[in-house]
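In what follows, a single structure is set out as structure tokens and then discussed.
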Amino acid sequence: MRKIFLGLLFLLAVLYGQSQSFQIAVAKYRGGGDWYANLKTSLPNLIEFTNRELDLTIDPEQAIVEVGSPKIFEYPFVHMTGHGNIILNSQEANNLRNYMLGGGFLHIDDNYGMDPYIRREIKKVFPEKEFVPLPASHPIYHQHFELTEGVPKVHEHEGKPPQAFGIFHEGRLVCYYTFESDLGDGWENPTVHNDPPQVHREALKMGANILQFAFLNVTNDEQQEQ
């Protein structure tokens with residue numbers, strides 16, 4: 001039932017964007033990590049940019065949803081970020097698993113320092129799966145915007161190139177993890193980190209592609225199964 005609901009929600013949003021509105025959410029988690037990093041302007045800026053550039057009607061107000069809450073199934077797209085520790089109990093891990101297997105899309109963005117913890121906890125969600133590196137040829141980089149080099153680099157942390165990984169279920173990308181990129185910082189108001197306009201725009205373009213891919217990917221998956 002939840003999978004059917006999510007599929008119908010996405011289909012209405014994509015096909016009738018002028019009249020249908022839906023909300024996306026930031027994930028709230030336990031463990032001491034700052035799930036609220038970038039909360040003030042990051043996702044709101046991405047929503048405003050995506051609505052304008054892709055002619056969608058995403059609710060301009062972001063939601064906040066706890067990872068173990070049944071309310072997570074109300075949101076087609078959930079964004080998770082932070083700098084530090086995250087802890088999932090078995091109920092939370094199972095809830096996230098059901099959310100993604102049921103049609104939801106999780107984007108994780110390491111804001112620097114989250115990587116070892118999120119990798120550990122995602123194994124609770126999908127013990128049978130691994131993060132798979134996504135090459136620049138993947139369709140997520142070739143949606144409304146052409147990003148031929150893959151995920152952009154926003155901030156330098158340890159001098160590493162930006163990387164992106166995915167978790168797939170039955171051929172569908174259900175979780176997209178960006179590392180050494182810091183997209184969430186790039187979505188914030190440029191004055192927060194003194195980001196150049198081009199860096200800010202490239203981050204927003206990548207974010208818009210992620211949203212578009214998440215919605216269309218789920219819709220196509222649902223149509224095939226029906």
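Going by the structure tokens order, chains are called A, B, ..., each with residues numbered from 1, while ligands are numbered from 1 in the order shown.
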Open item on the list: as a list in words, please: every residue in range 22-156 of chain A that a backbone DSSP assignment puts in strand (DSSP E or B).
Closed with: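 So the strand (DSSP E or B) residues in range 22-156 of chain A would be Phe22, Ala25, Val26, Ala27, Lys28, Arg30, Ile58, Ala63, Ile64, Val65, Glu66, Phe77, Val78, His79, Met80, Thr81, Gly82, Ile87, Phe105, Leu106, His107, Ile108, Asp109, Asp110, Val132, Pro133, His142 and Glu146 of chain A.
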So that I can see what lies close to Pro60 in chain A, please list as a compact mmCIF listing (two decimals) with all heavy atoms, in the first residue's frame the residues with an atom at most 7 Å from it, counting only C-alpha atoms and leaving out residues fewer than 3 positions away in the same chain.
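Output below, filename out_31.txt:
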```txt
# COMPACT_ATOMS: atom_id res chain seq x y z
N PRO A 44 15.71 24.72 1.40
CA PRO A 44 14.81 25.74 0.85
C PRO A 44 15.34 26.37 -0.44
O PRO A 44 14.57 26.60 -1.38
CB PRO A 44 14.72 26.77 1.98
CG PRO A 44 14.89 25.95 3.22
CD PRO A 44 15.93 24.93 2.85
N ILE A 47 14.90 23.81 -3.24
CA ILE A 47 13.49 23.72 -3.66
C ILE A 47 13.13 24.88 -4.57
O ILE A 47 12.51 24.70 -5.63
CB ILE A 47 12.58 23.68 -2.42
CG1 ILE A 47 12.78 22.38 -1.64
CG2 ILE A 47 11.11 23.84 -2.83
CD1 ILE A 47 12.13 22.37 -0.28
N GLU A 48 13.51 26.08 -4.17
CA GLU A 48 13.18 27.27 -4.97
C GLU A 48 13.82 27.18 -6.35
O GLU A 48 13.17 27.46 -7.37
CB GLU A 48 13.66 28.53 -4.24
CG GLU A 48 13.19 29.84 -4.85
CD GLU A 48 14.05 30.30 -6.01
OE1 GLU A 48 15.26 29.97 -6.04
OE2 GLU A 48 13.53 31.00 -6.91
```
Open item on the list: So the first atom is CA of Lys71 in chain A and the second is CA of His83 in chain A; what is the distance between them in Å, to one decimal place?
Closed with: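 Going from CA of Lys71 in chain A over to CA of His83 in chain A, I get 24.6 Å.
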Task: For Gly159 in chain A: contacts at 12 Å, only C-alpha atoms, fewer than 6 positions along chain excluded, given as a ChimeraX atom specification - done: /A:153,180-181
Would you write out those residues with N, CA and C atoms, as a CSV table (one decimal), in the first residue's frame?
```csv
chain,number,residue,atom,x,y,z
A,153,LYS,N,32.5,19.5,-7.0
A,153,LYS,CA,33.2,19.7,-5.8
A,153,LYS,C,32.9,21.1,-5.3
A,180,GLU,N,32.8,13.9,0.0
A,180,GLU,CA,33.9,14.9,-0.4
A,180,GLU,C,33.4,15.9,-1.5
A,181,SER,N,32.1,16.2,-1.4
A,181,SER,CA,31.5,17.1,-2.3
A,181,SER,C,30.9,18.3,-1.5
```
Open item on the list: At a cut-off of 6 Å, using only C-alpha atoms, what residues contact Val26 in chain A? Leave out same-chain residues fewer than 5 positions from it and give the result as a ChimeraX atom specification.
Closed with: /A:64,78-80
Residues from the last selection, N, CA and C atoms, saved as a PDB file, in the first residue's frame:
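File produced: part06.pdb:
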```pdb
ATOM      1  N   ILE A  64      10.662  18.158   8.494  1.00  0.00           N
ATOM      2  CA  ILE A  64      11.660  17.461   9.288  1.00  0.00           C
ATOM      3  C   ILE A  64      11.010  16.168   9.766  1.00  0.00           C
ATOM      4  N   VAL A  78      13.930  12.256   0.890  1.00  0.00           N
ATOM      5  CA  VAL A  78      14.449  12.625   2.209  1.00  0.00           C
ATOM      6  C   VAL A  78      15.950  12.882   2.084  1.00  0.00           C
ATOM      7  N   HIS A  79      16.371  13.999   2.650  1.00  0.00           N
ATOM      8  CA  HIS A  79      17.778  14.426   2.616  1.00  0.00           C
ATOM      9  C   HIS A  79      18.373  14.264   4.006  1.00  0.00           C
ATOM     10  N   MET A  80      19.531  13.620   4.081  1.00  0.00           N
ATOM     11  CA  MET A  80      20.222  13.393   5.356  1.00  0.00           C
ATOM     12  C   MET A  80      21.626  13.963   5.278  1.00  0.00           C
TER      13      MET A  80
END
```
Open item on the list: With only C-alpha atoms as the counted atoms, please give the residues lying no more than 12 Å from range 130-146 of chain A, apart from itself and same-chain residues fewer than 4 positions off, as a ChimeraX atom specification.
Closed with: /A:50,53-55,108,115,118-126,150-152,162-169,172-179,201-217
